[in-house]
>>> print(open('model-v5.csv').read())   # CSV, C-alpha atoms and all ligand atoms
chain,number,residue,atom,x,y,z
H,19,MET,CA,111.2,84.0,140.6
H,20,ILE,CA,114.1,83.4,143.0
H,21,ASP,CA,113.8,84.8,146.5
H,22,VAL,CA,116.7,86.8,147.8
H,23,ARG,CA,116.2,87.3,151.6
H,24,PHE,CA,117.5,90.5,153.2
H,25,LEU,CA,118.5,91.1,156.8
H,26,ASP,CA,119.0,94.7,157.6
H,27,VAL,CA,122.4,95.6,159.2
H,28,LYS,CA,120.6,96.6,162.5
H,29,GLN,CA,119.2,93.1,162.8
H,30,ILE,CA,122.6,91.3,162.6
H,31,ASN,CA,122.4,89.0,165.7
H,32,GLN,CA,121.6,85.3,166.2
H,33,ASN,CA,117.8,85.9,166.1
H,34,GLY,CA,118.2,87.8,162.8
H,35,PHE,CA,120.3,85.0,161.2
H,36,GLU,CA,117.7,82.4,162.3
H,37,LYS,CA,115.0,84.3,160.5
H,38,LEU,CA,117.2,84.9,157.4
H,39,LEU,CA,118.2,81.3,157.1
H,40,SER,CA,115.1,79.4,158.3
H,41,PRO,CA,113.9,78.3,154.7
H,42,TYR,CA,117.3,76.7,154.0
H,43,LYS,CA,117.9,74.8,157.3
H,44,SER,CA,116.1,71.6,156.2
H,45,LYS,CA,117.7,71.6,152.7
H,46,PHE,CA,121.0,70.3,153.9
H,47,GLN,CA,121.0,66.5,153.1
H,48,ASP,CA,121.3,64.4,156.2
H,49,LYS,CA,123.6,66.9,158.0
H,50,ASP,CA,124.0,64.6,161.0
H,51,ASN,CA,125.9,62.0,159.0
H,52,ASN,CA,127.0,63.8,155.8
H,53,LEU,CA,129.9,66.3,155.7
H,54,THR,CA,129.1,70.0,155.3
H,55,ALA,CA,131.6,72.6,154.2
H,56,VAL,CA,131.3,76.2,155.4
H,57,LYS,CA,133.2,78.0,152.6
H,58,ILE,CA,134.7,81.2,154.0
H,59,HIS,CA,137.6,83.6,153.3
H,60,PRO,CA,139.4,84.2,156.6
H,61,GLY,CA,141.2,87.3,155.2
H,62,GLU,CA,144.9,87.8,154.3
H,63,GLU,CA,147.2,89.0,157.0
H,64,GLY,CA,146.7,92.7,157.5
H,65,ASN,CA,143.2,92.7,155.9
H,66,SER,CA,140.4,93.9,158.2
H,67,SER,CA,137.3,93.6,156.1
H,68,TYR,CA,136.9,89.9,156.0
H,69,ILE,CA,133.7,88.4,157.6
H,70,PRO,CA,134.5,88.1,161.3
H,71,ALA,CA,134.4,84.7,163.0
H,72,PRO,CA,131.5,85.5,165.3
H,73,LEU,CA,129.3,86.3,162.3
H,74,VAL,CA,130.2,82.9,160.7
H,75,LYS,CA,129.3,81.3,164.0
H,76,HIS,CA,125.8,82.8,163.7
H,77,ILE,CA,125.4,81.0,160.4
H,78,VAL,CA,126.6,77.7,161.7
H,79,GLU,CA,124.3,77.9,164.6
H,80,ALA,CA,121.3,79.1,162.6
H,81,LEU,CA,121.6,76.3,160.1
H,82,GLU,CA,122.1,73.8,163.1
H,83,LEU,CA,125.3,72.3,161.5
H,84,PRO,CA,126.7,69.7,163.9
H,85,TYR,CA,130.3,70.6,164.7
H,86,ARG,CA,131.5,67.0,164.4
H,87,ARG,CA,130.3,66.7,160.7
H,88,SER,CA,131.1,70.3,159.6
H,89,PHE,CA,134.2,72.2,158.7
H,90,LEU,CA,135.3,75.7,157.7
H,91,THR,CA,137.3,75.7,154.5
H,92,ASP,CA,139.2,77.7,151.8
H,93,THR,CA,141.8,77.1,149.2
H,94,THR,CA,145.4,78.2,149.0
H,95,VAL,CA,146.5,81.1,146.7
H,96,LEU,CA,149.0,81.7,144.0
H,97,TYR,CA,150.9,84.6,145.5
H,98,GLY,CA,153.2,85.1,148.5
H,99,GLY,CA,151.8,85.7,152.0
H,100,ARG,CA,150.3,83.4,154.6
H,101,ARG,CA,147.7,81.7,152.4
H,102,MET,CA,150.1,80.0,150.1
H,103,THR,CA,150.5,76.7,152.0
H,104,ALA,CA,148.1,74.9,154.3
H,105,PRO,CA,150.1,75.1,157.6
H,106,ASP,CA,150.6,78.8,157.3
H,107,TYR,CA,147.0,79.3,156.2
H,108,VAL,CA,145.6,77.3,159.2
H,109,THR,CA,147.6,79.4,161.6
H,110,LEU,CA,146.4,82.6,159.9
H,111,ALA,CA,142.8,81.5,160.1
H,112,TYR,CA,143.4,80.7,163.8
H,113,ASP,CA,144.9,84.1,164.4
H,114,HIS,CA,141.8,85.7,162.8
H,115,GLY,CA,139.5,83.8,165.2
H,116,PHE,CA,138.4,80.9,163.1
H,117,ARG,CA,139.2,78.2,165.6
H,118,MET,CA,137.7,75.5,167.8
H,119,PRO,CA,135.9,75.2,170.1
H,120,ASP,CA,133.9,78.3,169.1
H,121,LEU,CA,133.6,77.0,165.5
H,122,PRO,CA,134.1,73.8,163.5
H,123,PRO,CA,137.8,73.2,162.5
H,124,PHE,CA,139.3,75.1,159.6
H,125,ILE,CA,140.6,72.7,156.9
H,126,VAL,CA,142.4,73.7,153.8
H,127,ALA,CA,140.5,72.5,150.8
H,128,ASP,CA,143.2,71.8,148.2
H,129,GLY,CA,145.9,70.0,150.2
H,130,LEU,CA,149.2,71.0,151.7
H,131,THR,CA,150.3,73.2,148.7
H,132,GLY,CA,147.2,73.6,146.6
H,133,THR,CA,147.9,70.7,144.2
H,134,ASP,CA,145.1,68.3,145.5
H,135,GLU,CA,142.5,68.5,142.8
H,136,PHE,CA,139.0,67.2,142.0
H,137,PRO,CA,138.3,67.5,138.2
H,138,VAL,CA,134.7,68.4,137.3
H,139,LYS,CA,133.7,68.0,133.6
H,140,LEU,CA,131.8,71.1,132.4
H,141,PRO,CA,128.8,71.1,130.0
H,142,SER,CA,129.7,71.3,126.3
H,143,HIS,CA,128.4,74.9,126.0
H,144,CYS,CA,131.3,76.1,128.2
H,145,THR,CA,134.6,77.1,126.7
H,146,THR,CA,136.4,75.3,129.6
H,147,THR,CA,136.2,71.5,129.4
H,148,THR,CA,137.2,70.6,133.0
H,149,ALA,CA,137.3,72.7,136.2
H,150,ARG,CA,140.2,71.8,138.4
H,151,LEU,CA,138.7,72.2,141.8
H,152,ALA,CA,139.8,71.6,145.3
H,153,SER,CA,140.0,67.9,146.2
H,154,ILE,CA,137.9,68.4,149.4
H,155,LEU,CA,134.8,68.8,147.1
H,156,ALA,CA,135.0,65.1,146.1
H,157,ARG,CA,133.9,64.1,149.6
H,158,THR,CA,131.8,67.2,150.6
H,159,ASP,CA,128.1,66.4,150.7
H,160,ASN,CA,126.7,69.9,151.4
H,161,ALA,CA,128.2,73.4,151.4
H,162,VAL,CA,127.1,76.9,152.5
H,163,MET,CA,128.9,79.8,150.8
H,164,VAL,CA,129.7,82.7,153.1
H,165,SER,CA,130.8,85.6,150.9
H,166,HIS,CA,131.9,89.2,151.5
H,167,PHE,CA,130.5,91.5,148.8
H,168,LYS,CA,133.1,94.1,147.8
H,169,GLY,CA,135.2,95.5,144.9
H,170,HIS,CA,137.7,93.4,143.0
H,171,LEU,CA,140.7,94.3,141.0
H,172,LEU,CA,140.0,92.0,138.0
H,173,ALA,CA,136.3,91.1,138.3
H,174,GLY,CA,134.9,94.5,139.2
H,175,PHE,CA,133.2,93.1,142.3
H,176,GLY,CA,133.4,89.9,144.2
H,177,GLY,CA,130.5,88.1,145.7
H,178,SER,CA,129.1,84.5,145.6
H,179,ILE,CA,130.0,83.9,141.9
H,180,LYS,CA,133.7,84.8,142.4
H,181,HIS,CA,133.8,83.0,145.7
H,182,LEU,CA,132.5,79.9,143.9
H,183,GLY,CA,134.7,80.1,140.8
H,184,MET,CA,138.0,81.3,142.2
H,185,GLY,CA,137.5,80.3,145.8
H,186,TRP,CA,137.0,76.6,145.1
H,187,ALA,CA,139.7,76.3,142.4
H,188,ALA,CA,142.9,74.4,143.2
H,189,LYS,CA,146.1,76.2,142.3
H,190,ALA,CA,146.1,74.9,138.7
H,191,GLY,CA,142.5,76.1,138.3
H,192,LYS,CA,143.4,79.6,139.6
H,193,LEU,CA,146.3,79.7,137.3
H,194,TYR,CA,144.1,78.7,134.3
H,195,GLN,CA,141.7,81.5,135.2
H,196,HIS,CA,144.3,84.2,135.6
H,197,SER,CA,146.6,83.1,132.8
H,198,SER,CA,144.9,85.4,130.2
H,199,VAL,CA,145.5,88.5,132.4
H,200,LYS,CA,149.2,89.6,132.5
H,201,PRO,CA,150.1,92.9,134.1
H,202,PHE,CA,152.7,95.3,132.6
H,203,VAL,CA,155.0,98.0,134.0
H,204,LYS,CA,154.7,101.6,133.0
H,205,SER,CA,158.4,102.4,133.3
H,206,LYS,CA,158.0,106.2,133.5
H,207,LYS,CA,156.1,105.7,136.8
H,208,CYS,CA,158.4,103.1,138.3
H,209,THR,CA,160.7,104.3,141.1
H,210,LEU,CA,162.5,101.0,141.4
H,211,CYS,CA,161.3,100.6,145.0
H,212,LYS,CA,161.0,96.8,144.4
H,213,ALA,CA,157.9,96.4,146.6
H,214,CYS,CA,156.4,94.4,143.7
H,215,ILE,CA,159.3,92.0,143.7
H,216,SER,CA,158.9,91.3,147.4
H,217,VAL,CA,155.3,90.1,147.0
H,218,CYS,CA,155.6,88.1,143.7
H,219,GLY,CA,155.4,84.5,144.7
H,220,SER,CA,156.5,83.4,141.2
H,221,SER,CA,159.8,85.4,140.9
H,222,ALA,CA,158.3,86.9,137.7
H,223,ILE,CA,159.6,90.4,138.1
H,224,ASP,CA,163.2,91.2,136.9
H,225,THR,CA,165.1,94.4,137.8
H,226,LEU,CA,166.4,96.5,134.9
H,227,GLU,CA,168.6,99.6,135.1
H,228,LYS,CA,165.8,102.2,135.8
H,229,THR,CA,162.7,100.1,136.1
H,230,VAL,CA,161.4,96.5,136.6
H,231,GLN,CA,160.0,94.2,134.0
H,232,ILE,CA,157.4,91.3,134.3
H,233,ASN,CA,158.3,88.1,132.7
H,234,GLU,CA,155.1,86.8,131.0
H,235,GLN,CA,156.2,83.2,131.0
H,236,ARG,CA,156.7,83.1,134.8
H,237,CYS,CA,153.9,85.5,135.7
H,238,THR,CA,150.7,83.6,137.0
H,239,GLY,CA,148.6,86.8,136.7
H,240,CYS,CA,147.7,86.7,140.4
H,241,GLY,CA,147.5,90.6,140.5
H,242,GLU,CA,149.3,90.9,143.9
H,243,CYS,CA,152.0,93.3,142.5
H,244,ILE,CA,149.3,95.7,141.1
H,245,GLN,CA,147.9,96.2,144.5
H,246,ARG,CA,151.3,96.6,146.1
H,247,CYS,CA,152.9,99.2,143.7
H,248,PRO,CA,152.8,102.6,145.5
H,249,THR,CA,153.0,104.7,142.3
H,250,GLY,CA,150.4,102.9,140.2
H,251,ALA,CA,153.2,101.8,137.8
H,252,ILE,CA,151.7,98.3,137.2
H,253,GLY,CA,148.6,98.0,135.1
H,254,ILE,CA,146.6,95.5,133.1
H,255,SER,CA,144.8,96.1,129.8
H,256,TRP,CA,141.1,95.6,130.0
H,257,ASN,CA,140.5,93.9,126.7
H,258,GLN,CA,139.3,90.7,125.2
H,259,GLU,CA,141.7,88.7,127.4
H,260,SER,CA,140.3,90.2,130.6
H,261,LEU,CA,136.9,89.1,129.5
H,262,THR,CA,138.3,85.6,129.1
H,263,PHE,CA,139.3,85.8,132.7
H,264,MET,CA,135.7,86.6,133.7
H,265,ASN,CA,134.3,83.9,131.5
H,266,ARG,CA,136.6,81.2,132.9
H,267,MET,CA,135.9,82.3,136.5
H,268,VAL,CA,132.1,82.0,136.0
H,269,GLU,CA,132.5,78.6,134.2
H,270,TYR,CA,134.5,77.4,137.2
H,271,ALA,CA,131.7,78.7,139.4
H,272,LEU,CA,129.3,76.5,137.5
H,273,GLY,CA,131.7,73.5,138.0
H,274,ALA,CA,131.8,74.2,141.8
H,275,SER,CA,128.0,74.4,142.0
H,276,MET,CA,127.8,71.0,140.2
H,277,ALA,CA,130.4,69.4,142.5
H,278,THR,CA,128.3,69.5,145.7
H,279,THR,CA,124.9,70.5,147.0
H,280,ILE,CA,124.8,74.2,148.0
H,281,PRO,CA,121.4,74.9,149.6
H,282,VAL,CA,122.3,78.5,150.4
H,283,TYR,CA,124.6,81.4,149.5
H,284,VAL,CA,125.1,84.2,152.0
H,285,ASN,CA,126.5,87.6,151.0
H,286,PHE,CA,127.6,90.1,153.6
H,287,LEU,CA,127.1,93.7,152.5
H,288,ILE,CA,129.3,95.2,155.3
H,289,ASN,CA,132.7,96.8,155.0
H,290,ILE,CA,132.2,97.1,151.3
H,291,SER,CA,135.7,98.0,150.4
H,292,PRO,CA,137.2,98.8,146.9
H,293,ASP,CA,139.5,95.8,147.1
H,294,CYS,CA,139.1,92.2,148.2
H,295,ASP,CA,139.9,90.3,151.4
H,296,CYS,CA,143.1,89.0,149.8
H,297,MET,CA,144.6,92.5,150.1
H,298,ARG,CA,146.5,93.8,153.1
H,299,ASN,CA,145.1,97.2,152.5
H,300,GLU,CA,141.6,96.9,151.1
H,301,GLY,CA,140.7,100.6,151.4
H,302,PRO,CA,137.9,102.4,153.2
H,303,PRO,CA,134.3,101.3,152.7
H,304,LEU,CA,132.5,102.8,149.7
H,305,VAL,CA,129.0,102.9,151.3
H,306,LYS,CA,127.6,102.4,154.8
H,307,ASP,CA,127.0,98.8,155.9
H,308,ILE,CA,123.8,97.5,154.4
H,309,GLY,CA,123.0,94.0,155.8
H,310,VAL,CA,123.1,90.3,154.8
H,311,LEU,CA,121.5,88.5,151.9
H,312,ALA,CA,120.7,84.8,151.5
H,313,SER,CA,119.5,82.9,148.4
H,314,SER,CA,119.7,79.5,146.7
H,315,ASP,CA,120.9,81.2,143.5
H,316,PRO,CA,124.5,82.7,143.2
H,317,VAL,CA,123.6,84.9,140.3
H,318,ALA,CA,120.4,86.3,141.9
H,319,ILE,CA,122.2,87.1,145.2
H,320,ASP,CA,125.1,88.9,143.4
H,321,GLN,CA,122.6,90.8,141.3
H,322,ALA,CA,120.7,91.9,144.4
H,323,SER,CA,123.9,92.8,146.2
H,324,LEU,CA,125.0,95.0,143.3
H,325,ASP,CA,121.6,96.6,143.1
H,326,LEU,CA,121.7,97.5,146.9
H,327,VAL,CA,125.2,98.9,146.7
H,328,THR,CA,124.3,100.9,143.6
H,329,ALA,CA,121.2,102.3,145.3
H,330,ALA,CA,123.2,103.4,148.4
H,331,SER,CA,124.6,106.9,148.9
H,332,PRO,CA,128.4,107.0,148.7
H,333,LEU,CA,130.6,107.7,151.7
H,334,ASP,CA,133.1,109.7,149.7
H,335,ASP,CA,133.1,111.2,146.3
H,336,ASN,CA,132.2,107.9,144.6
H,337,ALA,CA,129.2,107.5,142.3
H,338,ALA,CA,125.9,108.9,143.6
H,339,ALA,CA,123.0,106.8,144.7
H,340,GLY,CA,121.7,105.0,141.7
H,341,PHE,CA,125.1,104.6,140.0
H,342,ASP,CA,127.5,101.7,140.0
H,343,LYS,CA,130.2,102.4,142.7
H,344,PHE,CA,132.6,99.6,141.4
H,345,LEU,CA,132.4,100.9,137.8
H,346,LYS,CA,133.3,104.4,139.1
H,347,ILE,CA,136.5,103.1,140.6
H,348,ARG,CA,137.4,100.9,137.7
H,349,PRO,CA,135.5,102.1,134.6
H,350,ASP,CA,137.1,99.4,132.5
H,351,ARG,CA,136.0,96.4,134.6
H,352,ASP,CA,132.3,95.8,134.4
H,353,GLY,CA,131.3,93.3,137.0
H,354,ASN,CA,127.9,93.0,135.4
H,355,GLU,CA,129.7,90.7,132.9
H,356,GLN,CA,129.8,88.0,135.6
H,357,LEU,CA,126.0,88.2,135.9
H,358,ARG,CA,125.5,88.1,132.2
H,359,ILE,CA,127.7,85.1,131.7
H,360,GLY,CA,126.3,83.4,134.8
H,361,GLU,CA,122.8,83.6,133.4
H,362,LYS,CA,123.9,82.6,129.9
H,363,ILE,CA,125.6,79.3,131.0
H,364,GLY,CA,122.9,78.3,133.5
H,365,LEU,CA,124.6,79.1,136.8
H,366,GLY,CA,121.5,81.1,137.9
H,367,LYS,CA,119.0,83.9,137.1
H,368,ARG,CA,119.4,87.6,137.4
H,369,GLU,CA,115.7,88.2,138.1
H,370,TYR,CA,114.8,88.0,141.8
H,371,ARG,CA,112.4,89.0,144.5
H,372,LEU,CA,113.8,90.8,147.5
H,373,VAL,CA,112.2,89.5,150.8
H,374,THR,CA,113.0,91.5,153.9
H,375,VAL,CA,113.0,89.3,157.0
F,1,LIG,S1,154.3,89.6,138.3
F,1,LIG,FE1,152.5,90.3,139.6
F,1,LIG,S2,150.7,89.2,138.7
F,1,LIG,FE2,152.6,88.2,137.9
F,1,LIG,S3,152.9,86.5,139.4
F,1,LIG,FE3,154.1,88.2,140.1
F,1,LIG,S4,152.8,89.3,141.6
F,1,LIG,FE4,151.5,87.9,140.4
F,2,LIG,S1,156.3,98.5,143.1
F,2,LIG,FE1,155.9,99.8,141.4
F,2,LIG,S2,157.4,101.5,141.6
F,2,LIG,FE2,158.1,99.8,142.9
F,2,LIG,S3,159.5,98.7,141.6
F,2,LIG,FE3,157.5,97.7,141.4
F,2,LIG,S4,156.6,98.7,139.5
F,2,LIG,FE4,158.3,100.0,140.2
>>> encode(input="model-v5.csv", output="structure tokens")
Amino acid sequence: MIDVRFLDVKQINQNGFEKLLSPYKSKFQDKDNNLTAVKIHPGEEGNSSYIPAPLVKHIVEALELPYRRSFLTDTTVLYGGRRMTAPDYVTLAYDHGFRMPDLPPFIVADGLTGTDEFPVKLPSHCTTTTARLASILARTDNAVMVSHFKGHLLAGFGGSIKHLGMGWAAKAGKLYQHSSVKPFVKSKKCTLCKACISVCGSSAIDTLEKTVQINEQRCTGCGECIQRCPTGAIGISWNQESLTFMNRMVEYALGASMATTIPVYVNFLINISPDCDCMRNEGPPLVKDIGVLASSDPVAIDQASLDLVTAASPLDDNAAAGFDKFLKIRPDRDGNEQLRIGEKIGLGKREYRLVTV
């Protein structure tokens, strides 16, 4: 059975991370000569729940990753904001504290504008034939995945699996994953404030006389407008097509796990917000901070993360201890689907043993 190691929130310090990560330190292949990626999410501008730079530094130090052979990295996104192109993204990461000399350099993984790709052929039991991943993976020898566990608009929750699948995808891969999920406008709720238009990086929202309308051909399905609408006028249908999104995301995660050696996945169960680090307003935490998990298996660590959040008492009127907090917020988006698909296609196992360090 796979071990998922647990560091209590009260033990979050350098010593704690050394205990948490000690079994994985020697698993990085020739880290003095090879190149090691530290996959992070430095947070969208205005977001405050991303994993702070000093905590990432604890991981780099605990794994003894040499600064001259390691780099922090992430991919560009489909929507407007400061993560759409590499120069803007690097300055945002710098503004959020991810900078030398405290940490290895932050390098964007999919080129200047997200078009630099590394194709990875997926096994024949997947519905996707090739995962279009970030080009940096072609030359990356080792990687550590540093993920924030929290709610997610389309996937129910986001942890290691989502970080692998969406987080390593080049723009075309992100587009492929989202393309089955197109939002629609409930015209009766629309006040024509045009906030959605201002964030749509694809110019996919047209103004009509009393409402706006999404052009399905131009829409990439990034979901940014849903979050931005102040009246809840933009929705998506949770149907077979949304399950297609989840399936593609998990298949991409398998592709990323095949593209490089990933000795350890780290999930932070702090600031467990309803929405993800791509959002400018991610909302207040659902439960108290829990701690940090580490495992060699992305499915096991997400299962353990979900189980710990489910077991926790809510901070507001969310689901009681023992009930799924993410399903309570979005009853039509069951994140368990990620875990079921992940196990089915061979990404990892749901069964685990929790080891408190
Ligand atoms: S319409 Fe919404 S989901 Fe579609 S591309 Fe624009 S912001 Fe993204
Ligand atoms: S943000 Fe919402 S209310 Fe404002 S124009 Fe867009 S759909 Fe209408």
>>> residues_near_ligand(input="model-v5.csv", ligand="ligand LIG 2 (chain F)", cutoff="9 Å", atoms="only C-alpha atoms and all ligand atoms", output="ChimeraX atom specification")
/H:202-205,207-216,223,225,228-231,243-252
>>> closest_residue(input="model-v5.csv", among="H:Asp128, H:Glu269, H:Glu62, H:Asp50", to="Ala111 (chain H)", atoms="all atoms listed in the file")
H:Glu62
>>> closest_atom_pairs(input="model-v5.csv", of="chain H", to="ligand LIG 1 (chain F)", cutoff="8 Å", atoms="all atoms listed in the file", output="JSON lines")
{"residue": "H:Leu96", "atom": "CA", "partner": "F:LIG1", "partner_atom": "FE4", "distance": 7.6}
{"residue": "H:Tyr97", "atom": "CA", "partner": "F:LIG1", "partner_atom": "FE4", "distance": 6.1}
{"residue": "H:Lys200", "atom": "CA", "partner": "F:LIG1", "partner_atom": "S2", "distance": 6.4}
{"residue": "H:Pro201", "atom": "CA", "partner": "F:LIG1", "partner_atom": "S2", "distance": 5.9}
{"residue": "H:Cys214", "atom": "CA", "partner": "F:LIG1", "partner_atom": "S4", "distance": 6.6}
{"residue": "H:Ile215", "atom": "CA", "partner": "F:LIG1", "partner_atom": "S4", "distance": 7.3}
{"residue": "H:Val217", "atom": "CA", "partner": "F:LIG1", "partner_atom": "S4", "distance": 6.0}
{"residue": "H:Cys218", "atom": "CA", "partner": "F:LIG1", "partner_atom": "S4", "distance": 3.7}
{"residue": "H:Gly219", "atom": "CA", "partner": "F:LIG1", "partner_atom": "FE3", "distance": 6.0}
{"residue": "H:Ser220", "atom": "CA", "partner": "F:LIG1", "partner_atom": "S3", "distance": 5.1}
{"residue": "H:Ser221", "atom": "CA", "partner": "F:LIG1", "partner_atom": "FE3", "distance": 6.4}
{"residue": "H:Ala222", "atom": "CA", "partner": "F:LIG1", "partner_atom": "S1", "distance": 4.9}
{"residue": "H:Ile223", "atom": "CA", "partner": "F:LIG1", "partner_atom": "S1", "distance": 5.4}
{"residue": "H:Ile232", "atom": "CA", "partner": "F:LIG1", "partner_atom": "S1", "distance": 5.3}
{"residue": "H:Asn233", "atom": "CA", "partner": "F:LIG1", "partner_atom": "S1", "distance": 7.0}
{"residue": "H:Glu234", "atom": "CA", "partner": "F:LIG1", "partner_atom": "FE2", "distance": 7.5}
{"residue": "H:Arg236", "atom": "CA", "partner": "F:LIG1", "partner_atom": "S3", "distance": 6.9}
{"residue": "H:Cys237", "atom": "CA", "partner": "F:LIG1", "partner_atom": "FE2", "distance": 3.7}
{"residue": "H:Thr238", "atom": "CA", "partner": "F:LIG1", "partner_atom": "S3", "distance": 4.4}
{"residue": "H:Gly239", "atom": "CA", "partner": "F:LIG1", "partner_atom": "S2", "distance": 3.8}
{"residue": "H:Cys240", "atom": "CA", "partner": "F:LIG1", "partner_atom": "FE4", "distance": 4.0}
{"residue": "H:Gly241", "atom": "CA", "partner": "F:LIG1", "partner_atom": "S2", "distance": 3.9}
{"residue": "H:Glu242", "atom": "CA", "partner": "F:LIG1", "partner_atom": "S4", "distance": 4.5}
{"residue": "H:Cys243", "atom": "CA", "partner": "F:LIG1", "partner_atom": "S4", "distance": 4.2}
{"residue": "H:Ile244", "atom": "CA", "partner": "F:LIG1", "partner_atom": "FE1", "distance": 6.5}
>>> atom_distance(input="model-v5.csv", atom1="CA of Asp334 (chain H)", atom2="CA of Gly169 (chain H)")
15.1 Å
>>> closest_residue(input="model-v5.csv", among="H:Ala104, H:Leu110, H:Met163, H:Ile254", to="Asp350 (chain H)", atoms="only C-alpha atoms")
H:Ile254
>>> closest_residue(input="model-v5.csv", among="H:Leu311, H:Lys49, H:Thr158, H:Ile288", to="Lys37 (chain H)", atoms="all atoms listed in the file")
H:Leu311
>>> closest_residue(input="model-v5.csv", among="H:Val305, H:Met267, H:Leu130, H:Ala190", to="Ala173 (chain H)", atoms="all atoms listed in the file")
H:Met267
>>> atom_distance(input="model-v5.csv", atom1="CA of Leu333 (chain H)", atom2="CA of Glu369 (chain H)")
28.1 Å
>>> closest_residue(input="model-v5.csv", among="H:Gln32, H:Thr103, H:Asn285, H:Thr93", to="Ser314 (chain H)", atoms="all atoms listed in the file")
H:Asn285
>>> residues_around(input="model-v5.csv", residues="region 317-322 of chain H", least_positions_apart="2", cutoff="7 Å", atoms="only C-alpha atoms", output="mmCIF file with C-alpha atoms, in the coordinates of the input")
data_model
loop_
_atom_site.group_PDB
_atom_site.id
_atom_site.type_symbol
_atom_site.label_atom_id
_atom_site.label_comp_id
_atom_site.auth_asym_id
_atom_site.auth_seq_id
_atom_site.Cartn_x
_atom_site.Cartn_y
_atom_site.Cartn_z
ATOM 1 C CA VAL H 22 116.700 86.800 147.800
ATOM 2 C CA GLY H 177 130.500 88.100 145.700
ATOM 3 C CA SER H 178 129.100 84.500 145.600
ATOM 4 C CA ILE H 179 130.000 83.900 141.900
ATOM 5 C CA LEU H 311 121.500 88.500 151.900
ATOM 6 C CA ALA H 312 120.700 84.800 151.500
ATOM 7 C CA SER H 313 119.500 82.900 148.400
ATOM 8 C CA ASP H 315 120.900 81.200 143.500
ATOM 9 C CA LEU H 324 125.000 95.000 143.300
ATOM 10 C CA ASP H 325 121.600 96.600 143.100
ATOM 11 C CA LEU H 326 121.700 97.500 146.900
ATOM 12 C CA LEU H 357 126.000 88.200 135.900
ATOM 13 C CA GLY H 360 126.300 83.400 134.800
ATOM 14 C CA LEU H 365 124.600 79.100 136.800
ATOM 15 C CA GLY H 366 121.500 81.100 137.900
ATOM 16 C CA LYS H 367 119.000 83.900 137.100
ATOM 17 C CA ARG H 368 119.400 87.600 137.400
ATOM 18 C CA GLU H 369 115.700 88.200 138.100
ATOM 19 C CA TYR H 370 114.800 88.000 141.800
#
>>> atom_distance(input="model-v5.csv", atom1="CA of Val327 (chain H)", atom2="CA of Ser260 (chain H)")
23.7 Å
>>> closest_residue(input="model-v5.csv", among="H:Met297, H:Asn354, H:Pro84, H:Val310", to="Leu372 (chain H)", atoms="all atoms listed in the file")
H:Val310
>>> residues_near_point(input="model-v5.csv", point="(137.8, 80.9, 153.5)", cutoff="12 Å", atoms="all atoms listed in the file", output="MDAnalysis selection string")
chainID H and resid 55:62 68:71 74 89:95 101 104 107:108 110:112 114 116 123:128 162:166 181:182 184:186 295:296
>>> residues_around(input="model-v5.csv", residues="Leu81 (chain H)", least_positions_apart="4", cutoff="7 Å", atoms="only C-alpha atoms", output="list in words")
Leu39, Lys43 and Ile77 of chain H
>>> residues_near_point(input="model-v5.csv", point="(140.5, 89.0, 131.0)", cutoff="12 Å", atoms="all atoms listed in the file", output="ChimeraX atom specification")
/H:171-174,194-201,239,241,254-267,350-353,355-356
